[in-house]
Amino acid sequence: MPKGKSTFIFLVLNLLKLFAGSSSSAVEEFPFAFNDGGRAAAGYLGSAGDCVVRAIAIATSLPYQQVYGDLGDANAGYAQTRNDRVAKRLHIKGSSPRNGNHRKVFHDYILNHGFTWVPTMQIGGGCQVHLRPSELPRGVLIVKVSKHLTAILNGVIQDTHNPSRGGTRCVYGYYIKQ
């Protein structure tokens, strides 16, 4: 075989190995630890849409019941003083944090506990940051993903389930403790 042909085949085989190796590499994931934020200890049973309460309780080390009460009061106050879609939803469903929480209500609460909001997604920009250790800073974080908030303490997801989807879940933004 002429030297040029064997060099070409060698290069093609090495390129194939390179691409095959990069596609088979595993996506890194955060370690996971079950943590209900003190929900069971506060006497709550069953499941609920309370990820906001849990994430805040875990990240701030506040008792679950205190965060639950504070957000319930914030929801009720918002519903009484505003006349928008969120306030109307709170009037219909009730102000209990068990029914879910809206960013318009919990955002200031989290900021008032020493956190700073860091957006990671722009409108029309696509997903730039995933729920992976290499794409988020270390420290105490409350991370916003689609329809969920989760706490990450020093590189470990603390939640009632692992929301990372194998390290592929898109992060909309995060609160970091200052």
# chains A, B, ... in the order shown; residues from 1 in each chain; ligands from 1
call {"tool": "select_by_dssp", "arguments": {"residues": "chain A", "states": "helix (DSSP H, G or I)", "output": "compact mmCIF listing (two decimals) with N, CA and C atoms, in the first residue's frame"}}
result
# COMPACT_ATOMS: atom_id res chain seq x y z
N LYS A 3 2.45 4.89 0.78
CA LYS A 3 2.57 5.57 2.07
C LYS A 3 1.45 6.58 2.30
N GLY A 4 1.03 7.32 1.32
CA GLY A 4 -0.02 8.33 1.45
C GLY A 4 -1.34 7.72 1.87
N LYS A 5 -1.66 6.53 1.28
CA LYS A 5 -2.92 5.87 1.60
C LYS A 5 -2.92 5.37 3.04
N SER A 6 -1.83 4.80 3.49
CA SER A 6 -1.78 4.27 4.86
C SER A 6 -1.84 5.41 5.88
N THR A 7 -1.24 6.55 5.58
CA THR A 7 -1.31 7.71 6.46
C THR A 7 -2.74 8.21 6.55
N PHE A 8 -3.43 8.24 5.41
CA PHE A 8 -4.82 8.68 5.38
C PHE A 8 -5.70 7.75 6.23
N ILE A 9 -5.52 6.44 6.07
CA ILE A 9 -6.31 5.47 6.84
C ILE A 9 -6.00 5.62 8.32
N PHE A 10 -4.73 5.80 8.68
CA PHE A 10 -4.34 6.00 10.07
C PHE A 10 -5.05 7.23 10.66
N LEU A 11 -5.09 8.34 9.92
CA LEU A 11 -5.75 9.56 10.38
C LEU A 11 -7.26 9.35 10.55
N VAL A 12 -7.87 8.67 9.60
CA VAL A 12 -9.31 8.41 9.67
C VAL A 12 -9.63 7.54 10.89
N LEU A 13 -8.84 6.50 11.13
CA LEU A 13 -9.08 5.63 12.28
C LEU A 13 -8.92 6.39 13.59
N ASN A 14 -7.92 7.25 13.68
CA ASN A 14 -7.73 8.04 14.89
C ASN A 14 -8.86 9.04 15.10
N LEU A 15 -9.37 9.62 14.02
CA LEU A 15 -10.52 10.52 14.15
C LEU A 15 -11.75 9.76 14.63
N LEU A 16 -11.96 8.56 14.10
CA LEU A 16 -13.09 7.74 14.53
C LEU A 16 -12.97 7.41 16.02
N LYS A 17 -11.77 7.07 16.47
CA LYS A 17 -11.56 6.77 17.89
C LYS A 17 -11.85 8.00 18.75
N LEU A 18 -11.41 9.17 18.26
CA LEU A 18 -11.62 10.41 18.99
C LEU A 18 -13.10 10.69 19.17
N PHE A 19 -13.87 10.59 18.07
CA PHE A 19 -15.30 10.86 18.16
C PHE A 19 -16.03 9.79 18.96
N ALA A 20 -15.65 8.56 18.82
CA ALA A 20 -16.28 7.48 19.57
C ALA A 20 -16.01 7.65 21.06
N GLY A 21 -14.82 8.05 21.41
CA GLY A 21 -14.46 8.26 22.81
C GLY A 21 -15.21 9.43 23.41
N SER A 22 -15.41 10.52 22.67
CA SER A 22 -16.07 11.68 23.24
C SER A 22 -17.56 11.45 23.42
N SER A 23 -18.17 10.63 22.58
CA SER A 23 -19.61 10.42 22.72
C SER A 23 -19.93 9.40 23.80
N SER A 24 -18.97 8.58 24.16
CA SER A 24 -19.25 7.57 25.17
C SER A 24 -18.88 8.02 26.58
N CYS A 51 -41.52 22.27 47.13
CA CYS A 51 -40.07 22.30 46.88
C CYS A 51 -39.45 23.63 47.27
N VAL A 52 -40.20 24.72 47.13
CA VAL A 52 -39.66 26.04 47.48
C VAL A 52 -39.39 26.10 48.99
N VAL A 53 -40.34 25.65 49.78
CA VAL A 53 -40.17 25.65 51.24
C VAL A 53 -38.99 24.76 51.62
N ARG A 54 -38.93 23.55 51.05
CA ARG A 54 -37.84 22.62 51.37
C ARG A 54 -36.49 23.21 51.01
N ALA A 55 -36.36 23.72 49.79
CA ALA A 55 -35.06 24.25 49.33
C ALA A 55 -34.59 25.41 50.20
N ILE A 56 -35.53 26.30 50.55
CA ILE A 56 -35.16 27.44 51.40
C ILE A 56 -34.78 26.96 52.80
N ALA A 57 -35.56 26.05 53.37
CA ALA A 57 -35.26 25.54 54.71
C ALA A 57 -33.89 24.87 54.74
N ILE A 58 -33.58 24.10 53.73
CA ILE A 58 -32.29 23.42 53.66
C ILE A 58 -31.15 24.42 53.52
N ALA A 59 -31.28 25.36 52.59
CA ALA A 59 -30.19 26.29 52.29
C ALA A 59 -29.95 27.31 53.39
N THR A 60 -31.01 27.68 54.10
CA THR A 60 -30.87 28.69 55.15
C THR A 60 -30.71 28.10 56.55
N TYR A 64 -38.35 24.11 58.92
CA TYR A 64 -39.33 23.98 57.84
C TYR A 64 -40.60 24.75 58.19
N GLN A 65 -41.09 24.59 59.41
CA GLN A 65 -42.35 25.23 59.81
C GLN A 65 -42.25 26.76 59.74
N GLN A 66 -41.10 27.31 60.08
CA GLN A 66 -40.92 28.77 60.01
C GLN A 66 -40.99 29.25 58.57
N VAL A 67 -40.28 28.57 57.66
CA VAL A 67 -40.30 28.96 56.25
C VAL A 67 -41.71 28.78 55.69
N TYR A 68 -42.36 27.68 56.04
CA TYR A 68 -43.73 27.41 55.59
C TYR A 68 -44.66 28.54 56.02
N GLY A 69 -44.57 28.94 57.28
CA GLY A 69 -45.41 30.02 57.79
C GLY A 69 -45.09 31.36 57.14
N ASP A 70 -43.81 31.66 56.99
CA ASP A 70 -43.40 32.93 56.36
C ASP A 70 -43.91 33.02 54.93
N LEU A 71 -43.77 31.93 54.17
CA LEU A 71 -44.23 31.96 52.78
C LEU A 71 -45.75 31.96 52.68
N GLY A 72 -46.42 31.31 53.63
CA GLY A 72 -47.88 31.38 53.68
C GLY A 72 -48.34 32.82 53.90
N ASP A 73 -47.68 33.51 54.83
CA ASP A 73 -48.01 34.92 55.09
C ASP A 73 -47.69 35.79 53.87
N ALA A 74 -46.56 35.52 53.23
CA ALA A 74 -46.18 36.29 52.04
C ALA A 74 -47.17 36.07 50.90
N ASN A 75 -47.62 34.81 50.73
CA ASN A 75 -48.63 34.52 49.71
C ASN A 75 -49.93 35.26 49.99
N ALA A 76 -50.39 35.22 51.25
CA ALA A 76 -51.64 35.89 51.63
C ALA A 76 -51.51 37.41 51.42
N GLY A 77 -50.37 37.98 51.83
CA GLY A 77 -50.15 39.41 51.65
C GLY A 77 -50.13 39.81 50.19
N TYR A 78 -49.50 38.98 49.37
CA TYR A 78 -49.45 39.26 47.93
C TYR A 78 -50.86 39.23 47.35
N ALA A 79 -51.65 38.22 47.72
CA ALA A 79 -53.00 38.08 47.19
C ALA A 79 -53.88 39.27 47.58
N GLN A 80 -53.66 39.83 48.78
CA GLN A 80 -54.49 40.94 49.25
C GLN A 80 -54.09 42.28 48.65
N THR A 81 -52.82 42.43 48.29
CA THR A 81 -52.35 43.75 47.84
C THR A 81 -52.16 43.87 46.34
N ARG A 85 -52.48 38.07 37.82
CA ARG A 85 -52.78 36.65 37.63
C ARG A 85 -52.35 35.81 38.84
N VAL A 86 -51.18 36.10 39.39
CA VAL A 86 -50.68 35.35 40.55
C VAL A 86 -51.60 35.56 41.75
N ALA A 87 -52.01 36.80 42.00
CA ALA A 87 -52.90 37.09 43.12
C ALA A 87 -54.25 36.38 42.95
N LYS A 88 -54.76 36.36 41.74
CA LYS A 88 -56.04 35.68 41.48
C LYS A 88 -55.90 34.18 41.72
N ARG A 89 -54.77 33.60 41.32
CA ARG A 89 -54.53 32.17 41.55
C ARG A 89 -54.45 31.88 43.04
N LEU A 90 -53.80 32.75 43.80
CA LEU A 90 -53.71 32.58 45.24
C LEU A 90 -55.09 32.67 45.91
N HIS A 91 -55.96 33.55 45.41
CA HIS A 91 -57.32 33.65 45.95
C HIS A 91 -58.09 32.36 45.71
N ILE A 92 -57.92 31.77 44.54
CA ILE A 92 -58.65 30.55 44.18
C ILE A 92 -58.10 29.32 44.92
N LYS A 93 -56.78 29.13 44.86
CA LYS A 93 -56.16 27.92 45.44
C LYS A 93 -55.85 28.04 46.92
N PRO A 97 -48.37 27.35 51.20
CA PRO A 97 -47.21 26.98 50.39
C PRO A 97 -47.28 25.55 49.87
N ARG A 98 -48.15 24.75 50.44
CA ARG A 98 -48.35 23.37 49.99
C ARG A 98 -48.89 23.34 48.56
N ASN A 99 -49.57 24.42 48.16
CA ASN A 99 -50.15 24.51 46.82
C ASN A 99 -49.17 25.07 45.80
N ARG A 103 -42.56 32.77 41.94
CA ARG A 103 -41.32 33.53 42.07
C ARG A 103 -41.57 34.96 42.55
N LYS A 104 -42.67 35.55 42.13
CA LYS A 104 -42.98 36.92 42.56
C LYS A 104 -43.10 37.02 44.08
N VAL A 105 -43.39 35.91 44.74
CA VAL A 105 -43.53 35.90 46.19
C VAL A 105 -42.23 35.46 46.88
N PHE A 106 -41.63 34.35 46.42
CA PHE A 106 -40.48 33.81 47.16
C PHE A 106 -39.15 34.49 46.83
N HIS A 107 -39.05 35.19 45.70
CA HIS A 107 -37.77 35.80 45.29
C HIS A 107 -37.22 36.75 46.36
N ASP A 108 -38.03 37.70 46.80
CA ASP A 108 -37.57 38.66 47.81
C ASP A 108 -37.27 37.98 49.14
N TYR A 109 -38.05 36.96 49.48
CA TYR A 109 -37.82 36.23 50.72
C TYR A 109 -36.42 35.61 50.73
N ILE A 110 -36.04 35.00 49.60
CA ILE A 110 -34.71 34.38 49.51
C ILE A 110 -33.62 35.46 49.54
N LEU A 111 -33.82 36.55 48.81
CA LEU A 111 -32.83 37.64 48.81
C LEU A 111 -32.64 38.21 50.22
N PRO A 133 -21.69 19.66 38.41
CA PRO A 133 -20.69 20.31 39.27
C PRO A 133 -19.76 21.27 38.52
N SER A 134 -19.42 20.96 37.29
CA SER A 134 -18.49 21.82 36.55
C SER A 134 -19.13 23.10 36.05
N GLU A 135 -20.47 23.19 36.11
CA GLU A 135 -21.16 24.35 35.55
C GLU A 135 -21.78 25.26 36.61
call {"tool": "select_by_dssp", "arguments": {"residues": "region 28-117 of chain A", "states": "strand (DSSP E or B)", "output": "NGL selection string"}}
result
:A and (32-34 or 115-117)
call {"tool": "atom_distance", "arguments": {"atom1": "CA of Arg82 (chain A)", "atom2": "CA of Arg39 (chain A)"}}
result
29.6 Å
call {"tool": "residues_around", "arguments": {"residues": "region 112-126 of chain A", "least_positions_apart": "6", "cutoff": "10 Å", "atoms": "only C-alpha atoms", "output": "PDB file with C-alpha atoms, in the first residue's frame"}}
result
ATOM      1  CA  ILE A  56     -35.162  27.438  51.400  1.00  0.00           C
ATOM      2  CA  ALA A  59     -30.189  26.285  52.286  1.00  0.00           C
ATOM      3  CA  THR A  60     -30.868  28.692  55.155  1.00  0.00           C
ATOM      4  CA  PHE A 106     -40.475  33.815  47.157  1.00  0.00           C
ATOM      5  CA  LEU A 136     -22.192  25.697  38.971  1.00  0.00           C
ATOM      6  CA  VAL A 140     -24.784  27.093  49.305  1.00  0.00           C
ATOM      7  CA  LEU A 141     -27.136  27.336  46.332  1.00  0.00           C
ATOM      8  CA  ILE A 142     -30.866  27.314  45.680  1.00  0.00           C
ATOM      9  CA  VAL A 143     -31.152  26.274  42.028  1.00  0.00           C
ATOM     10  CA  LYS A 144     -34.117  26.994  39.748  1.00  0.00           C
ATOM     11  CA  CYS A 170     -31.137  22.940  32.366  1.00  0.00           C
ATOM     12  CA  VAL A 171     -30.592  25.532  35.101  1.00  0.00           C
ATOM     13  CA  TYR A 172     -32.576  28.760  34.703  1.00  0.00           C
ATOM     14  CA  GLY A 173     -30.614  30.478  37.455  1.00  0.00           C
ATOM     15  CA  TYR A 174     -29.520  30.095  41.048  1.00  0.00           C
ATOM     16  CA  TYR A 175     -29.416  31.932  44.347  1.00  0.00           C
ATOM     17  CA  ILE A 176     -26.008  31.859  46.021  1.00  0.00           C
ATOM     18  CA  LYS A 177     -25.408  32.579  49.701  1.00  0.00           C
ATOM     19  CA  GLN A 178     -23.129  35.579  50.182  1.00  0.00           C
TER      20      GLN A 178
END
call {"tool": "atom_distance", "arguments": {"atom1": "CA of Arg138 (chain A)", "atom2": "CA of Phe32 (chain A)"}}
result
14.6 Å
call {"tool": "atom_distance", "arguments": {"atom1": "CA of Asp159 (chain A)", "atom2": "CA of Asn35 (chain A)"}}
result
4.8 Å
